[in-house]
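Accompanying notes for the structure given below.
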Amino acid sequence: MSFQSLMLSQKLQDTIKQLGYIEPTQIQKESIPLLLEGKDILATSQTGTGKTASFVLPMLENLEERDEPQKGDERYKIDALILAPTRELVLQIHEKIEAYATEFSHKSVALYGGIKLGSQVKEIRTGANIAVSTTARVREHIKNRSINLSNVKIVILDEADKMLDMGFIDDIRAIIAQIPKKIGEKKRHSIMFSATFPPKIMKLANSFLDNPITIEIDKENLSTKQVKQLIHLVKEEDKISLLTTLIRNSRWHQVLIFSNTKIQANIIVQKLNDASIKAQAIHGDKSQGQRVEALNAFKEQKISVLVATDVAARGIDIINLPHVINFELPLKNEDYIHRIGRTGRAKQNGQALSLICEKEKEQLKEIEILINQTLDSISTEGFEYKPKINNEKKQKKSTKEEKSTLKKAKEIAERISKKDNSDSNQKKNSKKSPRNRRYF
Ligand code: AMP
């Protein structure tokens, strides 16, 4: 299938061609035609699948271009609002809009905290019609009367599950309450992406979306297929020296390392720098300026290692990132998929290596069930791992624990494949539209 058959305008097709996109990704094939028709959708949002273009391209086509500059209070009115959980993701979506919208008069503004409102207010006032924002910052602008949502016709919630995990539900509801459900005869176009569909997401979807069509991209199509996933068993206390050895000996030039805590991220950076490996960290304690600077230095290959916590790294798009390392397994098993999805993006191959110590072996089993594969193990001279010898009693205990782990992991896998929580909603919606597909 080509972009041409998706009914996008010639000017947008030309831009896409210039960006080197040859054919649409699966999510783009499925969502673009529906969104061009103005249908609400609820879609899975795995990383690296081309999700951003899947909602940005039809949005650019559907929004009316502004011929005349706005005057007076009209200047604070925007036409489309995109909410995302982190500043990094906001900036990234904003940058993609700018890249895709070169042939349109549409103008995007990125709204996020950590900097003064002033420059953002100026951009809104001087003609931005699309706002990409974190929830807290758009509320600040509403309070400051420097944004007016009464004319918003398209609303997109990206990574909705993450926004809810981060406790933003009240913000989201307050923001949506400011946006009319209809302007004249035209109903609001509402779109929601989420990696998982727990009941709280379905509740939000039911109140926010109108007769939505659900799109779930077959797991086979996920970019994780492009990722070679490996593990390295290692003693916990040896992890940092193993990391240094691996990076140095293999001459890896771009490595994204995940750690679970800010403190751990700082320690890793310190130790790598001590070993003359240029590294920086991005996490919640870093200022916006520091985070952007570290990310840019990494993208431009001025530093070879970026150490990130899960929240800071969410949605980060680094073209051709070859290596992701899990210094430790994530606190939530689902985040394993998000982490390794940083590499192997847009059909490039990548490698994801997890450093596993004794206490993580049970969790590794859960993750292997979740991704439905057993991960190959590699070893490094000098870091050979000798598993503890279990006595019979311990083995019995571990079989029992294993069963309970397997049970827990199956529950997670079921949740991920979204089979457990929306049957009734599916029936209701599928009656209304023959094109409705129900996957969960
Ligand atoms: P996303 O999942 O939106 O973060 O996109 C991941 C990466 O894929 C980004 O670098 C996009 O520029 C790129 N991309 C998006 N759509 C396509 C496409 N149809 N062909 C090739 N690359 C794409």
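Starting from 1 in every chain, residues are counted up; chains themselves are A, B, ... following the order of the structure tokens, and ligands are numbered from 1 as listed.
For Glu61 (chain A), the non-local neighbours within 8 Å, defined as residues at least 2 positions apart in the same chain or in other chains and counting only C-alpha atoms, are Leu8, Ser9, Leu36, Leu57, Pro58, Met59, Leu63 and Glu64 of chain A.
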Prev. selection, N, CA and C atoms, output as a JSON list (two decimals), in the first residue's frame:
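Output (result_7.json):
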```
[["chain", "number", "residue", "atom", "x", "y", "z"],
["A", 8, "LEU", "N", -4.07, 11.10, 0.84],
["A", 8, "LEU", "CA", -3.48, 12.33, 1.37],
["A", 8, "LEU", "C", -3.24, 13.30, 0.21],
["A", 9, "SER", "N", -3.23, 14.58, 0.50],
["A", 9, "SER", "CA", -3.05, 15.57, -0.57],
["A", 9, "SER", "C", -1.66, 15.42, -1.20],
["A", 36, "LEU", "N", -9.07, 10.70, 8.47],
["A", 36, "LEU", "CA", -9.45, 11.65, 7.40],
["A", 36, "LEU", "C", -10.97, 11.77, 7.30],
["A", 57, "LEU", "N", -0.61, 13.52, 10.29],
["A", 57, "LEU", "CA", -0.90, 13.75, 8.86],
["A", 57, "LEU", "C", -2.38, 14.04, 8.64],
["A", 58, "PRO", "N", -3.31, 13.21, 9.11],
["A", 58, "PRO", "CA", -4.72, 13.56, 8.90],
["A", 58, "PRO", "C", -5.14, 14.85, 9.60],
["A", 59, "MET", "N", -4.52, 15.12, 10.75],
["A", 59, "MET", "CA", -4.85, 16.38, 11.44],
["A", 59, "MET", "C", -4.51, 17.57, 10.55],
["A", 63, "LEU", "N", -7.58, 20.15, 9.41],
["A", 63, "LEU", "CA", -7.71, 21.51, 9.96],
["A", 63, "LEU", "C", -7.81, 22.54, 8.85],
["A", 64, "GLU", "N", -8.68, 23.48, 9.06],
["A", 64, "GLU", "CA", -8.76, 24.56, 8.07],
["A", 64, "GLU", "C", -7.54, 25.47, 8.21]]
```
**Request:** Quick one: everything within 12 Å of Asp14 (chain A), counting only C-alpha atoms, minus sequence neighbours fewer than 3 positions away in the same chain. Send it as a PyMOL selection string.
**Result:** chain A and resi 3-4+8-11+17-22+100-103
Just the selected residues (N, CA and C atoms), exported as a PDB file, in the first residue's frame, please.
```
ATOM      1  N   PHE A   3       1.379   5.664   0.092  1.00  0.00           N
ATOM      2  CA  PHE A   3       0.766   6.843   0.723  1.00  0.00           C
ATOM      3  C   PHE A   3      -0.314   7.421  -0.185  1.00  0.00           C
ATOM      4  N   GLN A   4      -0.126   7.223  -1.500  1.00  0.00           N
ATOM      5  CA  GLN A   4      -1.084   7.751  -2.468  1.00  0.00           C
ATOM      6  C   GLN A   4      -2.483   7.165  -2.229  1.00  0.00           C
ATOM      7  N   LEU A   8      -4.073  11.103   0.836  1.00  0.00           N
ATOM      8  CA  LEU A   8      -3.479  12.332   1.368  1.00  0.00           C
ATOM      9  C   LEU A   8      -3.237  13.296   0.207  1.00  0.00           C
ATOM     10  N   SER A   9      -3.226  14.585   0.501  1.00  0.00           N
ATOM     11  CA  SER A   9      -3.053  15.568  -0.570  1.00  0.00           C
ATOM     12  C   SER A   9      -1.658  15.423  -1.203  1.00  0.00           C
ATOM     13  N   GLN A  10      -1.561  15.902  -2.420  1.00  0.00           N
ATOM     14  CA  GLN A  10      -0.293  15.776  -3.137  1.00  0.00           C
ATOM     15  C   GLN A  10       0.839  16.470  -2.381  1.00  0.00           C
ATOM     16  N   LYS A  11       0.540  17.655  -1.826  1.00  0.00           N
ATOM     17  CA  LYS A  11       1.618  18.396  -1.146  1.00  0.00           C
ATOM     18  C   LYS A  11       2.149  17.619   0.066  1.00  0.00           C
ATOM     19  N   LYS A  17       7.592  12.065   0.991  1.00  0.00           N
ATOM     20  CA  LYS A  17       8.602  11.481   0.096  1.00  0.00           C
ATOM     21  C   LYS A  17       9.980  12.079   0.394  1.00  0.00           C
ATOM     22  N   GLN A  18       9.962  13.405   0.579  1.00  0.00           N
ATOM     23  CA  GLN A  18      11.237  14.069   0.887  1.00  0.00           C
ATOM     24  C   GLN A  18      11.840  13.558   2.188  1.00  0.00           C
ATOM     25  N   LEU A  19      10.969  13.153   3.115  1.00  0.00           N
ATOM     26  CA  LEU A  19      11.469  12.642   4.397  1.00  0.00           C
ATOM     27  C   LEU A  19      11.972  11.202   4.257  1.00  0.00           C
ATOM     28  N   GLY A  20      11.770  10.628   3.103  1.00  0.00           N
ATOM     29  CA  GLY A  20      12.291   9.288   2.843  1.00  0.00           C
ATOM     30  C   GLY A  20      11.335   8.164   3.205  1.00  0.00           C
ATOM     31  N   TYR A  21      10.085   8.501   3.522  1.00  0.00           N
ATOM     32  CA  TYR A  21       9.132   7.436   3.831  1.00  0.00           C
ATOM     33  C   TYR A  21       8.651   6.830   2.515  1.00  0.00           C
ATOM     34  N   ILE A  22       8.770   5.535   2.385  1.00  0.00           N
ATOM     35  CA  ILE A  22       8.382   4.898   1.121  1.00  0.00           C
ATOM     36  C   ILE A  22       6.948   4.368   1.197  1.00  0.00           C
ATOM     37  N   TYR A 100       6.288  17.845   9.088  1.00  0.00           N
ATOM     38  CA  TYR A 100       5.239  17.399   8.162  1.00  0.00           C
ATOM     39  C   TYR A 100       4.448  18.572   7.577  1.00  0.00           C
ATOM     40  N   ALA A 101       4.453  19.719   8.268  1.00  0.00           N
ATOM     41  CA  ALA A 101       3.544  20.805   7.877  1.00  0.00           C
ATOM     42  C   ALA A 101       4.194  21.877   7.010  1.00  0.00           C
ATOM     43  N   THR A 102       5.340  21.559   6.422  1.00  0.00           N
ATOM     44  CA  THR A 102       6.061  22.607   5.689  1.00  0.00           C
ATOM     45  C   THR A 102       5.226  23.245   4.573  1.00  0.00           C
ATOM     46  N   GLU A 103       4.288  22.497   3.993  1.00  0.00           N
ATOM     47  CA  GLU A 103       3.496  23.041   2.887  1.00  0.00           C
ATOM     48  C   GLU A 103       2.140  23.582   3.338  1.00  0.00           C
TER      49      GLU A 103
END
```
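Counting only C-alpha atoms and all ligand atoms and comparing A:His189, A:His338, A:Lys71, A:Lys122, the residue that lies closest to ligand 1 is A:His338.
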**Message:** Could you go through region 24-264 of chain A and tell me which residues DSSP, when run on the backbone, assigns to strand (DSSP E or B), listing them as number ranges by chain?
**Reply:** A: 41-44, 77, 80-83, 108-111, 130-133, 148, 154-157, 182-183, 186-187, 189-194, 213-215, 227-233, 255-258
**Request:** Please report, as a PyMOL selection string, each residue of region 28-252 of chain A to which DSSP assigns helix (DSSP H, G or I) when run on this structure's backbone.
**Result:** chain A and resi 28-36+51-62+72-76+87-100+118-125+135-143+160-165+169-177+199-208+219-221+223-226+236-250
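Straight-line separation from CA of Ala294 (chain A) to CA of Ile172 (chain A): 29.3 Å.
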**Request:** To one decimal in Å, tell me the separation between CA of Arg75 (chain A) and CA of Gln120 (chain A).
**Result:**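 CA of Gln120 (chain A) lies at a distance of 12.8 Å from CA of Arg75 (chain A).
For the pair CA of Ile124 (chain A) and CA of Tyr76 (chain A), the separation is 6.0 Å.
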**Message:** My list of candidates is A:Pro85, A:Pro322, A:Gly38, A:Gly284. Which is closest to Leu353 (chain A) when distances are computed with only C-alpha atoms?
**Reply:**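 So, comparing all the options, the nearest one is A:Pro322.
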